[in-house]
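In what follows, a structure is listed as structure tokens, so that the remarks can point back to it.
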Amino acid sequence: MASLVHLIAAARPNFMKVAPLYHELNAADDFDVKLVHTGQHYDANMSDAFFEDLRLPKPDYYLEVGSGTHAQQTGNVMIKYEEVAMEAKPDWVVVVGDVNSTAAVAMVCAKLHIPVVHLEAGLRSGDRDMPEEINRLVTDAISDLLWTPSPDGDEHLAREGVPAWRVERVGNIMLDSYELMRDRIEADTTAADLGLEPKGYAVVTLHRPSNVDTKEALQLLIAELAKAAQSIGLVFPVHPRTRGNLEKFGLLDELSAIPGVRLIDPLGYIQFMNLVRSSALAITDSGGLQEETTYLGIPCLTLRPNTERPATITEGTNKLVKPENLSAEVAKALSGDWPVGRRPDLWDGKTAGRCLESLRACIEVGADRLQDR
Ligand code: UD1
């Protein structure tokens, strides 16, 4: 009989991690895969567009949790997914990334004794002020199987006492989505339709609470973006959290009036990657974009004091940048004074296949005997 697997998707950065694995499991006769969308992200351009672009079907379960405080969101996912899990009794559940829904579903599964695997395990920023770091720690502590993208993930888990037999390095699944969609990304005309010349503009994305939740942080970033825009045009798809705060603090008009700054709505996956692939550089606080720019060999200026994705710095094109140094670092990147980088090991577009083989091996020995596989 086919093994029933629930794949959990919740928020924008999850969809590119879920899609390649969904397609891989769906094509295999020995798996019956069901897609669960918690509804943490719900706007058409934060969710539906990604399902369409990544050719994901309508979710089998839609939990409609929506926005809220951390406890409300986490609690609502737990309450709603517990009902689904008790009824459907999946053989395995796959959670991805580090959003509130990831930790919530892992907790439900651990308590119902449903084996759970975490895809993108072991990442650590060392910064517990980030809600994602708490979600990573909780999820990794209670998952049965941990799929890591890079050696630093294995090292963190070993240091936290996770036995090696629970850990399997599968590589970076984000890039599977890029390879699956490469033809459509290259054929897309988003950058051209915006009148942008290849390598003639920079892409900006900002949504971390530390950058966008206070007026002071936003004001400093706006001043630096204005300086940077004197040397290169900036295209900024604005995340709903960021737009909401810009409006709340009365800063939206100031930002949109800066010459050379173009604010647009969030884009779908294919449109956004089309914009990124021809850009001169990216300015961001996203986790995924640090990886995608390393993969594409595009300079990435990360507006954070730390990153849970260090391979993008040690091997790739990423640098951590303080807000007050942003315009100076943009000038450096534009002058070519920037690491060239290379693709880290196992960031090869074949991670979903390794996940499938790993899951198959686990099912063969049984979830309570993983050390024997
Ligand atoms: C969440 C994740 C973060 C991830 C990010 C990507 C957590 C703790 N954070 O942050 O790790 O990098 O997603 O976007 O899980 N909103 C909308 N429409 C939507 C979704 C959100 O308008 O479809 C607005 C709401 O006002 C909401 C706010 O954005 O309150 C923040 O959404 P939320 O899901 O709480 O966190 P993100 O900032 O998106």
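Ligands are numbered from 1 in the order shown, residues from 1 within each chain, and chains are lettered A, B, ... in the order they appear in the structure tokens.
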(request) Run DSSP on the backbone and grab whatever in stretch 126-329 of chain A lands in strand (DSSP E or B); send it over as a VMD selection string. (result) chain A and resid 145 to 148 167 to 169 201 to 205 233 to 237 261 to 264 281 to 284 300 to 302 318 to 320
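Per DSSP on the backbone, alpha helix (DSSP H) in stretch 172-206 of chain A comprises Met174, Leu175, Asp176, Ser177, Tyr178, Glu179, Leu180, Met181, Arg182, Asp183, Arg184, Ile185, Glu186, Ala187, Thr190, Ala191, Ala192 and Asp193 of chain A.
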Long-range neighbours of A:Val330 as a short mmCIF file (atom, residue, chain, number, x, y, z; two decimals) with N, CA, C and O atoms, in the first residue's frame, 8 Å cut-off, only C-alpha atoms, 3 positions minimum in chain:
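Everything below was put into selection-v6.cif:
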data_model
loop_
_atom_site.label_atom_id
_atom_site.label_comp_id
_atom_site.auth_asym_id
_atom_site.auth_seq_id
_atom_site.Cartn_x
_atom_site.Cartn_y
_atom_site.Cartn_z
N ALA A 228 21.92 55.08 -2.57
CA ALA A 228 22.26 54.01 -3.52
C ALA A 228 21.60 54.26 -4.87
O ALA A 228 22.19 53.99 -5.93
N LEU A 301 23.62 41.84 -1.00
CA LEU A 301 23.92 42.65 0.19
C LEU A 301 22.81 42.37 1.19
O LEU A 301 21.67 42.77 0.99
N LEU A 326 25.18 50.77 3.64
CA LEU A 326 24.57 50.20 2.43
C LEU A 326 25.03 50.86 1.13
O LEU A 326 25.48 50.18 0.20
N SER A 327 24.96 52.19 1.07
CA SER A 327 25.27 52.83 -0.22
C SER A 327 26.74 52.63 -0.58
O SER A 327 27.08 52.43 -1.75
N ALA A 333 30.07 46.85 -4.91
CA ALA A 333 29.56 45.77 -5.76
C ALA A 333 29.52 46.22 -7.22
O ALA A 333 29.88 45.46 -8.13
N LEU A 334 29.11 47.47 -7.45
CA LEU A 334 29.00 47.96 -8.82
C LEU A 334 30.37 48.12 -9.48
O LEU A 334 30.50 47.99 -10.70
#
(request) Write out as a list in words each polymer residue whose atoms come within 7 Å of A:Val93, counting only C-alpha atoms; drop sequence neighbours fewer than 5 positions from it. (result)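 The filter keeps Val5, His6, Leu7, Pro115, Val116 and Val117 of chain A.
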Writing out the chosen residues with N, CA, C and O atoms as a CSV table (one decimal), in the first residue's frame:
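Contents of the output file result27.csv:
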chain,number,residue,atom,x,y,z
A,5,VAL,N,1.7,10.6,2.8
A,5,VAL,CA,2.6,11.7,3.3
A,5,VAL,C,1.9,13.0,3.2
A,5,VAL,O,1.3,13.4,2.2
A,6,HIS,N,1.9,13.8,4.3
A,6,HIS,CA,1.4,15.2,4.3
A,6,HIS,C,2.6,16.1,4.1
A,6,HIS,O,3.6,16.0,4.8
A,7,LEU,N,2.5,17.0,3.1
A,7,LEU,CA,3.5,18.0,2.9
A,7,LEU,C,2.9,19.4,3.3
A,7,LEU,O,1.8,19.7,2.9
A,115,PRO,N,5.5,10.3,12.6
A,115,PRO,CA,6.9,10.6,12.2
A,115,PRO,C,6.9,11.9,11.4
A,115,PRO,O,6.1,12.0,10.5
A,116,VAL,N,7.8,12.8,11.7
A,116,VAL,CA,7.9,14.1,11.0
A,116,VAL,C,9.4,14.3,10.6
A,116,VAL,O,10.3,14.0,11.3
A,117,VAL,N,9.5,14.8,9.4
A,117,VAL,CA,10.8,15.1,8.8
A,117,VAL,C,10.9,16.6,8.5
A,117,VAL,O,9.9,17.2,8.0
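Atom to atom, atom CA of A:Leu356 and atom CA of A:Val33 stand 11.6 Å apart.
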(message) Just checking: using only C-alpha atoms, which residue out of A:Glu186, A:Asp60, A:Asp213, A:Glu168 ends up closest to A:Gln271?
(response)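 Ranking A:Glu186, A:Asp60, A:Asp213, A:Glu168 by distance to A:Gln271, first place goes to A:Glu186.
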(request) State, in Å with one decimal place, the distance from atom CA of A:His70 to atom CA of A:Thr242. (result) 17.4 Å
(message) Could you check the closest approach to ligand 1 for each of A:Tyr178, A:Tyr22, A:Tyr295, A:Tyr42 and tell me which residue wins, using only C-alpha atoms and all ligand atoms?
(response)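 For ligand 1, the nearest of the candidates is A:Tyr42.
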(request) Using only C-alpha atoms and all ligand atoms, pick whichever of A:Ala49, A:Ala191, A:Ala19, A:Val84 has the shortest atom-to-atom distance to ligand 1. (result) A:Ala49
(message) Quick one: residues within 12 Å of A:Lys89, only C-alpha atoms, excluding same-chain residues fewer than 2 positions away - as a VMD selection string?
(response) chain A and resid 3 to 6 34 81 to 87 91 to 93 109 112 to 115
Residue subset to file, keeping N, CA, C and O atoms, as a PDB file, in the first residue's frame:
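Printed below is part17.pdb as written:
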ATOM      1  N   SER A   3       2.391   4.803   0.924  1.00  0.00           N
ATOM      2  CA  SER A   3       2.516   5.524   2.195  1.00  0.00           C
ATOM      3  C   SER A   3       1.906   6.917   2.062  1.00  0.00           C
ATOM      4  O   SER A   3       2.206   7.638   1.109  1.00  0.00           O
ATOM      5  N   LEU A   4       1.088   7.270   3.054  1.00  0.00           N
ATOM      6  CA  LEU A   4       0.433   8.581   3.037  1.00  0.00           C
ATOM      7  C   LEU A   4       1.371   9.634   3.636  1.00  0.00           C
ATOM      8  O   LEU A   4       1.764   9.531   4.805  1.00  0.00           O
ATOM      9  N   VAL A   5       1.721  10.628   2.825  1.00  0.00           N
ATOM     10  CA  VAL A   5       2.633  11.688   3.275  1.00  0.00           C
ATOM     11  C   VAL A   5       1.916  13.032   3.202  1.00  0.00           C
ATOM     12  O   VAL A   5       1.335  13.372   2.171  1.00  0.00           O
ATOM     13  N   HIS A   6       1.933  13.779   4.293  1.00  0.00           N
ATOM     14  CA  HIS A   6       1.431  15.157   4.273  1.00  0.00           C
ATOM     15  C   HIS A   6       2.601  16.116   4.097  1.00  0.00           C
ATOM     16  O   HIS A   6       3.585  16.038   4.841  1.00  0.00           O
ATOM     17  N   LYS A  34      -0.304  14.288   0.036  1.00  0.00           N
ATOM     18  CA  LYS A  34      -1.378  15.289   0.197  1.00  0.00           C
ATOM     19  C   LYS A  34      -0.753  16.612   0.619  1.00  0.00           C
ATOM     20  O   LYS A  34       0.146  16.647   1.468  1.00  0.00           O
ATOM     21  N   TYR A  81      -4.435  21.689  12.545  1.00  0.00           N
ATOM     22  CA  TYR A  81      -3.757  20.542  11.931  1.00  0.00           C
ATOM     23  C   TYR A  81      -3.944  19.283  12.775  1.00  0.00           C
ATOM     24  O   TYR A  81      -4.020  18.179  12.229  1.00  0.00           O
ATOM     25  N   GLU A  82      -4.069  19.437  14.078  1.00  0.00           N
ATOM     26  CA  GLU A  82      -4.286  18.246  14.925  1.00  0.00           C
ATOM     27  C   GLU A  82      -5.545  17.493  14.478  1.00  0.00           C
ATOM     28  O   GLU A  82      -5.551  16.265  14.378  1.00  0.00           O
ATOM     29  N   GLU A  83      -6.601  18.251  14.173  1.00  0.00           N
ATOM     30  CA  GLU A  83      -7.848  17.610  13.704  1.00  0.00           C
ATOM     31  C   GLU A  83      -7.605  16.828  12.421  1.00  0.00           C
ATOM     32  O   GLU A  83      -8.045  15.692  12.274  1.00  0.00           O
ATOM     33  N   VAL A  84      -6.888  17.463  11.493  1.00  0.00           N
ATOM     34  CA  VAL A  84      -6.612  16.818  10.199  1.00  0.00           C
ATOM     35  C   VAL A  84      -5.779  15.551  10.424  1.00  0.00           C
ATOM     36  O   VAL A  84      -6.080  14.483   9.881  1.00  0.00           O
ATOM     37  N   ALA A  85      -4.741  15.667  11.228  1.00  0.00           N
ATOM     38  CA  ALA A  85      -3.813  14.545  11.423  1.00  0.00           C
ATOM     39  C   ALA A  85      -4.509  13.380  12.122  1.00  0.00           C
ATOM     40  O   ALA A  85      -4.279  12.211  11.794  1.00  0.00           O
ATOM     41  N   MET A  86      -5.370  13.692  13.104  1.00  0.00           N
ATOM     42  CA  MET A  86      -6.057  12.615  13.818  1.00  0.00           C
ATOM     43  C   MET A  86      -7.007  11.871  12.898  1.00  0.00           C
ATOM     44  O   MET A  86      -7.171  10.659  13.007  1.00  0.00           O
ATOM     45  N   GLU A  87      -7.601  12.602  11.999  1.00  0.00           N
ATOM     46  CA  GLU A  87      -8.554  11.997  11.062  1.00  0.00           C
ATOM     47  C   GLU A  87      -7.829  11.224   9.952  1.00  0.00           C
ATOM     48  O   GLU A  87      -8.155  10.083   9.652  1.00  0.00           O
ATOM     49  N   ASP A  91       1.285   8.625   7.365  1.00  0.00           N
ATOM     50  CA  ASP A  91       2.423   7.792   7.781  1.00  0.00           C
ATOM     51  C   ASP A  91       3.634   8.665   8.099  1.00  0.00           C
ATOM     52  O   ASP A  91       4.413   8.362   8.992  1.00  0.00           O
ATOM     53  N   TRP A  92       3.822   9.724   7.313  1.00  0.00           N
ATOM     54  CA  TRP A  92       4.904  10.682   7.549  1.00  0.00           C
ATOM     55  C   TRP A  92       4.391  12.082   7.224  1.00  0.00           C
ATOM     56  O   TRP A  92       3.523  12.243   6.362  1.00  0.00           O
ATOM     57  N   VAL A  93       4.968  13.069   7.923  1.00  0.00           N
ATOM     58  CA  VAL A  93       4.659  14.464   7.627  1.00  0.00           C
ATOM     59  C   VAL A  93       5.976  15.185   7.338  1.00  0.00           C
ATOM     60  O   VAL A  93       6.968  14.966   8.037  1.00  0.00           O
ATOM     61  N   CYS A 109       2.692  16.700  15.426  1.00  0.00           N
ATOM     62  CA  CYS A 109       3.088  15.346  15.012  1.00  0.00           C
ATOM     63  C   CYS A 109       3.832  14.626  16.134  1.00  0.00           C
ATOM     64  O   CYS A 109       3.563  13.460  16.417  1.00  0.00           O
ATOM     65  N   LEU A 112       1.418  13.339  18.628  1.00  0.00           N
ATOM     66  CA  LEU A 112       0.530  12.272  18.121  1.00  0.00           C
ATOM     67  C   LEU A 112       1.343  11.051  17.674  1.00  0.00           C
ATOM     68  O   LEU A 112       0.784  10.118  17.113  1.00  0.00           O
ATOM     69  N   HIS A 113       2.651  11.099  17.871  1.00  0.00           N
ATOM     70  CA  HIS A 113       3.542  10.002  17.455  1.00  0.00           C
ATOM     71  C   HIS A 113       3.452   9.742  15.958  1.00  0.00           C
ATOM     72  O   HIS A 113       3.485   8.598  15.511  1.00  0.00           O
ATOM     73  N   ILE A 114       3.319  10.827  15.206  1.00  0.00           N
ATOM     74  CA  ILE A 114       3.373  10.723  13.737  1.00  0.00           C
ATOM     75  C   ILE A 114       4.781  11.130  13.328  1.00  0.00           C
ATOM     76  O   ILE A 114       5.225  12.232  13.678  1.00  0.00           O
ATOM     77  N   PRO A 115       5.508  10.267  12.617  1.00  0.00           N
ATOM     78  CA  PRO A 115       6.874  10.624  12.240  1.00  0.00           C
ATOM     79  C   PRO A 115       6.906  11.884  11.383  1.00  0.00           C
ATOM     80  O   PRO A 115       6.107  12.040  10.457  1.00  0.00           O
TER      81      PRO A 115
END
Give me, as JSON lines, each residue of stretch 28-81 of chain A that comes within 12 Å of stretch 121-141 of chain A, together with its shortest interatomic pair and the distance in Å at one decimal, counting only C-alpha atoms, with rows ordered by chain and rising residue number.
{"residue": "A:Thr69", "atom": "CA", "partner": "A:Pro131", "partner_atom": "CA", "distance": 11.3}
{"residue": "A:His70", "atom": "CA", "partner": "A:Pro131", "partner_atom": "CA", "distance": 8.4}
{"residue": "A:Ala71", "atom": "CA", "partner": "A:Pro131", "partner_atom": "CA", "distance": 11.2}
{"residue": "A:Thr74", "atom": "CA", "partner": "A:Asn135", "partner_atom": "CA", "distance": 10.0}
Create the file for the chosen residues now, containing all heavy atoms and written as a PDB file, in the first residue's frame.
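Saved file selection-v2.pdb follows:
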ATOM      1  N   THR A  69      -0.848  37.258  16.199  1.00  0.00           N
ATOM      2  CA  THR A  69       0.389  37.269  16.978  1.00  0.00           C
ATOM      3  C   THR A  69       1.053  35.901  16.804  1.00  0.00           C
ATOM      4  O   THR A  69       0.442  34.962  16.275  1.00  0.00           O
ATOM      5  CB  THR A  69       0.101  37.478  18.474  1.00  0.00           C
ATOM      6  OG1 THR A  69      -0.630  36.327  18.929  1.00  0.00           O
ATOM      7  CG2 THR A  69      -0.711  38.737  18.732  1.00  0.00           C
ATOM      8  N   HIS A  70       2.281  35.791  17.278  1.00  0.00           N
ATOM      9  CA  HIS A  70       2.971  34.506  17.131  1.00  0.00           C
ATOM     10  C   HIS A  70       2.189  33.377  17.800  1.00  0.00           C
ATOM     11  O   HIS A  70       2.019  32.298  17.240  1.00  0.00           O
ATOM     12  CB  HIS A  70       4.382  34.599  17.719  1.00  0.00           C
ATOM     13  CG  HIS A  70       5.289  35.394  16.844  1.00  0.00           C
ATOM     14  ND1 HIS A  70       5.853  34.892  15.706  1.00  0.00           N
ATOM     15  CD2 HIS A  70       5.682  36.687  16.918  1.00  0.00           C
ATOM     16  CE1 HIS A  70       6.581  35.837  15.118  1.00  0.00           C
ATOM     17  NE2 HIS A  70       6.483  36.929  15.841  1.00  0.00           N
ATOM     18  N   ALA A  71       1.713  33.640  19.017  1.00  0.00           N
ATOM     19  CA  ALA A  71       1.000  32.578  19.744  1.00  0.00           C
ATOM     20  C   ALA A  71      -0.313  32.237  19.051  1.00  0.00           C
ATOM     21  O   ALA A  71      -0.680  31.062  18.930  1.00  0.00           O
ATOM     22  CB  ALA A  71       0.754  33.001  21.186  1.00  0.00           C
ATOM     23  N   THR A  74       0.607  30.265  15.782  1.00  0.00           N
ATOM     24  CA  THR A  74       1.127  28.931  16.103  1.00  0.00           C
ATOM     25  C   THR A  74       0.010  28.059  16.692  1.00  0.00           C
ATOM     26  O   THR A  74      -0.172  26.904  16.302  1.00  0.00           O
ATOM     27  CB  THR A  74       2.285  29.061  17.123  1.00  0.00           C
ATOM     28  OG1 THR A  74       3.219  30.019  16.618  1.00  0.00           O
ATOM     29  CG2 THR A  74       3.002  27.741  17.330  1.00  0.00           C
TER      30      THR A  74
END
